[in-house]
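Visitor: Dumping the structure here so I can ask a few things about it.
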Amino acid sequence: MAKQKKMSEIIVQIDGKEVKATEGMTILEAAQSADIFIPTLCHHEKLEPYGACRICTVEVEVQGWTGLVAACLYPVEQDLVVRTRSEKVDRIRKMILELLLTHAPCSPQLQDLAQEYGADKDRFEKESTFCILCGLCVRYCAEVKKKNAVGFVGCGARREIRFIPEIAATECVNCKECFPLCPTSYLQAAFVLTEALAFSTDSSQTVLNK
Ligand code: SF4
Ligand code: FES
């Protein structure tokens with residue numbers, strides 16, 4: 001029988017507090033275990049880390065090296081010192097929010113964060129795509145539901161989510177578990193549009209249960 005590897009304990013310092021973590025944990029997980037808040041937009045505990053939004057950026061110091069890392073990706077290591085709020089961290093989060101707000105200026109979640117970090121939603125010209133490409137819907141449907149009913153299409157500035165009508169018609173109507181995950185509410189609108197365009201072409205479709 002294979003021997004189970006014992007996870008070694010790692011002590012890190014987060015915002016001046018000593019936090020016990022285990023090997024393999026990310027900074028975000030260690031912070032959450034100690035009730036230290038780090039904002040996230042593309043993270044979900046049931047999904048593989050993705051590192052898309054960078055709002056979880058924190059400042060770290062280890063063995064004389066100082067840098068900025070994504071807390072949801074960066075693994076803890078012995079003697080790591082983490083600052084979840086600093087002038088640099090706040091400045092980066094403010095800039096990230098100003099950029100994200102160009103896509104989704106009405107997102108309540110982004111607006112709350114903008115207030116916290118003093119981000120100006122009118123700093124950059126609006127490019128309202130309504131989606132911030134966090135990938136939560138796409139990854140949740142693939143990794144948790146195993147349905148792949150929603151995916152990304154296009155690339156660069158034209159990248160967007162799209163429901164696959166054939167799958168959505170059978171899988172999404174009674175699921176919709178991804179809706180509350182969307183930080184901008186765009187997902188719901190996109191689904192309603194797909195529904196209107198695709199489902200209405202099939203007159204034999206059962207009346208949808210909204
Ligand atoms: S629709 Fe919402 S959940 Fe899906 S990628 Fe865009 S912002 Fe994220
Ligand atoms: S929450 Fe870490 S990159 Fe999005």
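Chain labels follow the order of the structure tokens: the first chain is A, the next B, and so on; residue numbering restarts at 1 in every chain, and ligands are counted from 1 in their shown order.
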Name the residues of segment 34-154 of chain A that come out as strand (DSSP E or B) in a backbone DSSP run; write them as a list in words.
Guide: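 After running DSSP on the backbone, segment 34-154 of chain A has strand (DSSP E or B) at Thr57, Val58, Glu59, Val60, Glu61, Val62, Trp65, Thr66, Gly67, Leu68, Val69, Ala70, Pro75, Val81, Val82, Arg83, Val150, Gly151, Phe152 and Val153 of chain A.
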Visitor: Env of Glu77 of chain A: 8 Å cut, atoms = only C-alpha atoms, seq-sep filter 3 positions within chain, self excluded. Answer as a PyMOL selection string.
Guide: chain A and resi 10-12+23+80
Visitor: Let's have the selection written as a PDB file, in the first residue's frame, with C-alpha atoms.
Guide:
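Dumped everything to out39.pdb:
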ATOM      1  CA  ILE A  10       4.606  26.025   6.856  1.00  0.00           C
ATOM      2  CA  ILE A  11       4.500  29.236   8.840  1.00  0.00           C
ATOM      3  CA  VAL A  12       3.896  32.387   6.860  1.00  0.00           C
ATOM      4  CA  GLU A  23       2.553  22.629   1.739  1.00  0.00           C
ATOM      5  CA  LEU A  80       7.075  34.007   3.305  1.00  0.00           C
TER       6      LEU A  80
END
Visitor: I'd like the neighbourhood of segment 179-184 of chain A as a ChimeraX atom specification, where a residue qualifies if any of its atoms comes within 12 Å (using only C-alpha atoms), though same-chain residues fewer than 4 positions away should be ignored.
Guide: /A:40-47,53,100-113,128-141,150,161,172-175,188-192
Visitor: Would you compute the distance between atom CA of Gly51 of chain A and atom CA of Ala71 of chain A? Give it in Å to one decimal.
Guide: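 About the pair atom CA of Gly51 of chain A and atom CA of Ala71 of chain A: they are 8.9 Å apart.
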Visitor: Which of these residues is nearest to ligand 1, using only C-alpha atoms and all ligand atoms: A:Val153, A:Val81, A:Val76, A:Ile38?
Guide: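 For ligand 1, the nearest of the given residues is A:Val153.
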